[in-house]
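Have a look at the structure below, then the notes.
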Amino acid sequence: MKKMIWTGGIILVFFLCLAIFAPFISSYDYKEQNINLRLQPPSSKHIFGTDEFGRDVFARMLYGARVSISVGFLAIAIATLIGVSYGAISGYYGGLIDNIMMRIVDIILTIPVLFLILMLIVYLGPSISNIIIIIGLTSWTDIARIVRAEVLKIKNFAFVDAAKLIGLPKKIIIFKYIILNISGPILVYIVFGISGAILTESGLSFLGLGVQPPFPSWGNILTAGKDYIHTAWWLVLFPGIFIFLTVFSLNILGEGLRDFFNPKLKRE
Amino acid sequence: MKNYIIKRLLLIIPILLGITIITFSIIHLTPGGFTTVNLQMDIRTSPDSIARLKSLYGLDRPLHIQYLNWLKRFVFFDFGNSFLDGRPVLKKVAERLPATLLLNISALILEFFIAIIIGVTSALKRNSFYDKSMTVITFIGYSIPSFWLALILMLIFGVKLDLLPISGLKSVNFDFLSSGEKIIDILKHLVLPVFITAFGGLAYISRYVKTNMIETLSQQYIKASYAKGLSENIIIYKHALKNSLLPVITLLGLSLPGLIGGSFIFETIFAWPGMGRLAYESALNFDYPVIMGVVTMAAFLTLLGNLLADISYAFVDPRIRYR
Amino acid sequence: MGNIIEINDLCVNYRTQNQEKIYALRNLKLIIKKGETVAIVGESGCGKSTLAISLINLLPENAEVSGSIKIDGKEILDKNNKELQNVRGEKIGMIFQEPGASLNPIFSIKEQIEETIKFHKKISDKKILKDMSINLLREVGIKDAERIYESFPHQLSGGLQQRVMIAIALSLSPEILIADEPTTSLDVTVQAQIIELLNKLKKQRNLTTILITHDLHLALELSKRIIVIYAGEVVEDGYIKSEKDAEHPYTKALFEIIPDVIKKRKKFKIIKGELPDMKKIYERCNFSDRCNFVHEKCREISLELVRADKNYVRCLFPLKGRKK
């Protein structure tokens with residue numbers, strides 16, 4: 001459990017550092033084309049080789065890390081914001097409002113999420129901000145359910161009424177205790193959500209609907225590279241490994257955290 | 001039980017209504033659209049001809065009227081005709097559904113089969129080296145971008161080793177094969193896509209089975225079974241396994257939504273002639289009737305699948321059956 | 001009559017996740033004669049349930065055992081799983097607290113009674129199995145046995161569930177019946193019925209019966225010989241009928257906390273304090289911190305179980321006999 005948190009955390013921090021310190025790590029410009037150096041295999045000068053325009057792949061991967069990781073983080077930030085407020089409102093008001101709000105969640109869950117994202121991106125256009133917003137708008141249902149369940153549980157506890165008697169507004173009490181009680185599950189959700197969002201973006205890129213060139217994302221580097229798969233394996237291998245390692249680190253971090261916050265496992 | 005099923009069937013109606021309203025709003029309220037994309041590129045089109053085309057497809061009328069018209073036809077299972085080639089939507093979907101179902105049901109069976117074995121054995125050998133390596137392997141499957149894995153495996157097995165076909169459902173010479181060879185041909189085409197789809201889902205299901213199994217093994221009736229002097233095999237494979245697999249039925253129902261319309265990335269890589277690709281193509285081409293048809297039918301099949309899962313759960317669990 | 005159970009120097013400790021040890025049973029000695037009825041009494045956490053599952057060698061994996069448990073002269077602790085199958089169910093039947101949790105919710109009562117008989121006696125004739133099962137259900141006082149036979153656990157009341165558990169425990173005609181808190185989760189009226197049933201069965205079948213309970217009152221209903229356990233040790237063992245017979249201060253304290261309807265005590269009494277830290281072994285009387293009759297010397301040496309007046313008692317200053 002702790003091992004998983006540490007392993008996942010360290011790999012994740014490593015990639016975060018790559019993204020943050022990109023300009024200091026590579027001296028190449030990710031946009032700079034050099035037709036004379038097309039499709040060079042990895043060498044000491046270009047450790048991940050060059051692409052079809054002679055751009056340094058390593059530099060593009062570093063800046064791609066910025067795009068891919070921030071798409072993941074920002075999309076899930078939006079989803080968390082929506083999910084927490086939606087779940088809290090639904091659980092707090094209860095009754096008919098809750099019923100309607102939860103049926104809406106059921107409906108959204110029945111539509112294939114990827115297809116929903118696809119439609120929205122086709123119609124709104126694949127800009128980075130659109131991708132972030134759309135992934136965010138389609139990933140909040142799970143967290144809304146967790147928060148709602150928790151609010152329903154806490155709402156009727158005696159301490160909430162007690163707090164009301166001494167003049168504290170019920171809403172503040174509930175909100176405070178929800179945050180205390182479910183910060184664990186929310187964190188787990190966020191970690192898994194980010195890994196899912198990174199995968200979704202790369203999948204969209206693969207269809208040409210993700211982040212658009214010249215901005216590099218791991219997904220679109222890989223996609224551009226797939227046409228050269230027989231001659232320039234490095235264009236496909238490295239982005240795939242980067243996506244995999246980042247998603248893997250997030251997943252084992254999430255798994256470790258889930259066990260960590262699971263009271264059942266603690267008792268043993 | 002009968003009342004329950006009727007109630008659940010009736011509940012499908014409002015959910016389907018909701019889904020169609022959401023989809024309808026998305027495709028009609030967003031900027032761009034069929035007429036703009038398909039006609040404005042063409043210099044010969046005048047604003048006049050665009051208007052004529054819009055009125056031909058009923059796109060000039062108010063939105064709620066358009067929706068009601070769609071709904072009216074939907075009640076009679078008429079999804080209209082594709083904007084692209086004018087063929088009935090129902091026919092287009094019917095062509096694509098078998099390939100999607102074949103791929104996804106095979107993948108689902110393989111996925112649950114392997115995941116249950118991994119889950120149960122890991123629970124029995126908890127914290128052993130085996131358990132830990134299974135966790136790592138299934139997590140690799142869960143984390144690996146499926147299209148990337150597909151590319152690599154296609155390169156290795158399809159191109160380098162030339163063992164497996166890498167695209168489509170059938171070979172070019174399919175029609176000339178004997179029926180036995182036809183089956184083998186389709187199976188060969190299934191190997192890579194089925195394996196990759198199943199690999200990705202292992203982690204979630206095996207983890208679920210494992211947690212359930214551990215939970216079940218700690219129940220008092222397991223202790224009581226030991227006290228009865230039953231053998232370990234009977235206790236594990238009759239008492240514990242059956243109890244811990246019951247909730248998996250629900251999971252099976254829950255894993256349906258993504259299957260029918262959500263596998264377009266996959267179907268694109270393998271050039272699989274399924275619903276996912278139909279959905280993808282229709283979205284790219286603003287082919288509204290097809291989009292509506294695919295989403296509605298995928299949702300309907302999902303709801304039906306969920307209902308079936310719940311009914312079979314009730315059927316195998318006496319606590320619900322005899323209520 | 002010979003000894004059916006001989007326990008010698010039985011120590012059981014549980015390893016916790018932090019690699020600490022909980023000493024649940026400490027050098028326990030106990031002899032039970034064939035056909036005898038004993039009640040093992042103690043508060044929760046004192047090790048009495050550990051003792052019960054030790055008798056069929058069903059301790060969890062994190063338990064370490066030493067010492068010896070002999071059933072009919074044969075050592076239980078070094079038997080492997082296969083050999084234990086011939087003890088569990090056949091030699092010793094066992095029922096637990098919360099009968100609802102002891103029955104598998106997804107199998108019918110029929111299945112759960114018959115699987116035991118099928119497995120041990122290799123009988124597969126459906127008619128014979130059914131007759132045996134129905135007879136067992138009748139024997140434990142179930143009137144509409146045919147209907148109960150076909151039903152599922154969740155359809156039965158707690159009392160019926162416990163009767164079914166008793167029927168299963170007796171299905172292989174064991175010589176020993178261990179009842180671990182059999183009535184704790186049941187209503188008071190049902191409790192009385194189950195105790196009455198156990199009383200009847202032990203006479204009819206000449207069972208060696210071991211009742212494990214925290215409720216001294218219940219123990220007195222069923223058994224003459226009372227064994228009081230405190231912090232993993234036997235503190236008193238003897239024939240006890242009432243408070244007057246208690247020779248150990250702890251036993252006396254247990255009597256005092258029985259709510260007495262007739263005398264109408266003004267308030268509920270409790271035994272002050274709690275069990276000592278089970279992770280440590282003290283060189284002194286474990287009960288000394290809670291004892292009303294404590295003496296300096298009690299905190300200086302550890303004690304043996306020795307005869308006081310009539311009973312065997314682990315106390316420097318027993319309430320009866322051996323007084324200075």
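We name chains A, B, ... following the order of the structure tokens; residues begin at 1 in each chain, and ligands are numbered from 1 as shown.
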From the DSSP assignment of the backbone, select every residue of segment 46-190 of chain C that is alpha helix (DSSP H), and format the answer as a count of residues only. 66
Counting only C-alpha atoms, which residues from chain B have an atom at most 8 Å from any atom of chain C, and could you show them as a list in words? Gln219, Gln220, Tyr221, Ile222, Lys223, Ala224, Tyr226, Ala227, Lys228, Gly229, Leu230, Ser231, His239, Asn243, Asp317, Pro318 and Arg319 of chain B
Now that the selection is made, can you save its residues with C-alpha atoms as a JSON list (two decimals), in the first residue's frame?
[["chain", "number", "residue", "atom", "x", "y", "z"],
["B", 219, "GLN", "CA", -17.69, -14.31, 6.75],
["B", 220, "GLN", "CA", -18.86, -16.38, 9.66],
["B", 221, "TYR", "CA", -20.59, -18.94, 7.45],
["B", 222, "ILE", "CA", -17.19, -19.82, 6.03],
["B", 223, "LYS", "CA", -15.90, -20.42, 9.55],
["B", 224, "ALA", "CA", -19.05, -22.41, 10.27],
["B", 226, "TYR", "CA", -14.96, -25.37, 8.38],
["B", 227, "ALA", "CA", -16.48, -26.28, 11.74],
["B", 228, "LYS", "CA", -18.81, -28.66, 9.88],
["B", 229, "GLY", "CA", -15.70, -30.49, 8.71],
["B", 230, "LEU", "CA", -16.22, -29.78, 5.01],
["B", 231, "SER", "CA", -13.19, -29.96, 2.77],
["B", 239, "HIS", "CA", -19.57, -21.51, -0.60],
["B", 243, "ASN", "CA", -21.23, -15.79, -2.90],
["B", 317, "ASP", "CA", -29.82, -14.66, -5.10],
["B", 318, "PRO", "CA", -32.57, -16.23, -2.97],
["B", 319, "ARG", "CA", -32.59, -13.18, -0.67]]
Would you mind listing what lies within 12 Å of Ile6 of chain B as a list in words, with only C-alpha atoms counted and same-chain residues fewer than 5 positions away left out?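 Residues near the query, excluding close chain neighbours: Met1, Leu11, Ile12, Ile13, Leu307 and Ile311 of chain B.
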Selection from above, C-alpha atoms, as a JSON list (two decimals), in the first residue's frame, can you write it?
[["chain", "number", "residue", "atom", "x", "y", "z"],
["B", 1, "MET", "CA", -40.93, -9.77, -9.49],
["B", 11, "LEU", "CA", -38.47, 3.53, -16.47],
["B", 12, "ILE", "CA", -36.58, 3.01, -19.72],
["B", 13, "ILE", "CA", -38.96, 5.44, -21.46],
["B", 307, "LEU", "CA", -32.26, -4.83, -16.64],
["B", 311, "ILE", "CA", -33.12, -9.82, -13.18]]
Tell me, which residues of segment 136-244 of chain C carry DSSP strand (DSSP E or B), written as a list in words?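 In segment 136-244 of chain C, DSSP puts these residues in strand (DSSP E or B): Ile176, Leu177, Ile178, Ala179, Asp180, Thr208, Thr209, Ile210, Leu211, Ile212, Thr213, Arg225, Ile226, Ile227, Val228, Ile229, Tyr230, Glu233, Val234, Val235, Glu236, Asp237, Gly238 and Tyr239 of chain C.
Note that the spacing between atom CA of Glu146 of chain C and atom CA of Lys203 of chain C amounts to 25.6 Å.
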For Ile190 of chain A, work out the shell of residues within 9 Å, counting only C-alpha atoms and skipping chain neighbours fewer than 5 positions away, then give it as a list of chain:residue names.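 Contacts, with the query itself left out: A:Phe73, A:Ile76, A:Ala77, A:Ala79, A:Thr80, A:Ile143, A:Pro185, A:Ser195, A:Gly254.
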Shortest interatomic distance to Ala59 of chain A - which of A:Leu237, A:Ile47, A:Ile135, A:Ile186, counting only C-alpha atoms: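 Ranked by minimum distance to Ala59 of chain A, first place goes to A:Ile47.
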Please identify every residue of chain A that has at least one atom no more than 9 Å from any atom of chain B, counting only C-alpha atoms, and report them as number ranges by chain. A: 103-104, 106-116, 118-120, 122-124, 195-196, 199, 202-204, 206-207, 222, 226, 229-230, 236-237, 240-241, 243-252
Residues of chain C within 12 Å of chain A, only C-alpha atoms counted, as a ChimeraX atom specification: /C:14-18,62
Atom pair atom CA of Pro276 of chain C / atom CA of Cys46 of chain C: separation (Å):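 It comes out at 9.7 Å.
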I'd like the neighbourhood of Tyr28 of chain A as a list in words, where a residue qualifies if any of its atoms comes within 10 Å (using only C-alpha atoms), though same-chain residues fewer than 3 positions away should be ignored. Ala22, Pro23, Phe24, Ile25, Lys31, Glu32, His46, Arg55, Asp56, Val57, Phe58, Ala59 and Arg60 of chain A
If we count only C-alpha atoms, what is near segment 65-75 of chain B at a cut-off of 10 Å, once residues fewer than 2 positions away on the same chain are taken out, given as a list in words?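 The residues that qualify are Leu17, Thr20, Ile21, Phe24, Ser25, His28, Tyr57, Gly58, Leu59, Asp60, Arg61, Pro62, Leu63, Phe77, Asp78, Phe79, Gly80, Pro289, Met292, Gly293 and Thr296 of chain B.
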Serialized selection, C-alpha atoms, as a PDB file, in the first residue's frame:
ATOM      1  CA  LEU B  17     -36.371  10.535 -23.766  1.00  0.00           C
ATOM      2  CA  THR B  20     -32.469  11.712 -27.073  1.00  0.00           C
ATOM      3  CA  ILE B  21     -33.141  15.272 -25.857  1.00  0.00           C
ATOM      4  CA  PHE B  24     -30.546  16.268 -30.038  1.00  0.00           C
ATOM      5  CA  SER B  25     -29.650  19.488 -28.261  1.00  0.00           C
ATOM      6  CA  HIS B  28     -28.470  21.172 -33.065  1.00  0.00           C
ATOM      7  CA  TYR B  57     -34.391  18.150 -44.146  1.00  0.00           C
ATOM      8  CA  GLY B  58     -36.695  20.170 -41.928  1.00  0.00           C
ATOM      9  CA  LEU B  59     -33.743  21.990 -40.382  1.00  0.00           C
ATOM     10  CA  ASP B  60     -35.371  25.404 -40.781  1.00  0.00           C
ATOM     11  CA  ARG B  61     -38.178  24.708 -38.359  1.00  0.00           C
ATOM     12  CA  PRO B  62     -38.007  25.538 -34.593  1.00  0.00           C
ATOM     13  CA  LEU B  63     -36.004  23.030 -32.577  1.00  0.00           C
ATOM     14  CA  PHE B  77     -39.082   2.703 -35.168  1.00  0.00           C
ATOM     15  CA  ASP B  78     -38.448   5.017 -38.093  1.00  0.00           C
ATOM     16  CA  PHE B  79     -35.103   6.713 -37.595  1.00  0.00           C
ATOM     17  CA  GLY B  80     -35.213   8.393 -41.008  1.00  0.00           C
ATOM     18  CA  PRO B 289     -30.334  10.932 -38.243  1.00  0.00           C
ATOM     19  CA  MET B 292     -29.578   9.935 -33.168  1.00  0.00           C
ATOM     20  CA  GLY B 293     -30.190   6.382 -34.288  1.00  0.00           C
ATOM     21  CA  THR B 296     -30.718   5.780 -29.070  1.00  0.00           C
TER      22      THR B 296
END
Selection near Gly184 of chain A, 8 Å with only C-alpha atoms, sequence-local residues under 2 positions removed, as a PyMOL selection string: chain A and resi 181-182+186-188+257-258+261
Only C-alpha atoms, please: the residues just picked out, written as a PDB file, in the first residue's frame.
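After the write, out_18.pdb holds the following:
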ATOM      1  CA  ASN A 181     -15.208  12.893   5.523  1.00  0.00           C
ATOM      2  CA  ILE A 182     -14.737  12.393   1.836  1.00  0.00           C
ATOM      3  CA  ILE A 186     -12.351  12.555  -3.674  1.00  0.00           C
ATOM      4  CA  LEU A 187      -8.568  12.478  -3.847  1.00  0.00           C
ATOM      5  CA  VAL A 188      -8.673   8.893  -5.098  1.00  0.00           C
ATOM      6  CA  LEU A 257      -4.551   5.889  -1.788  1.00  0.00           C
ATOM      7  CA  ARG A 258      -7.763   3.911  -2.075  1.00  0.00           C
ATOM      8  CA  PHE A 261      -8.393   5.508   2.937  1.00  0.00           C
TER       9      PHE A 261
END
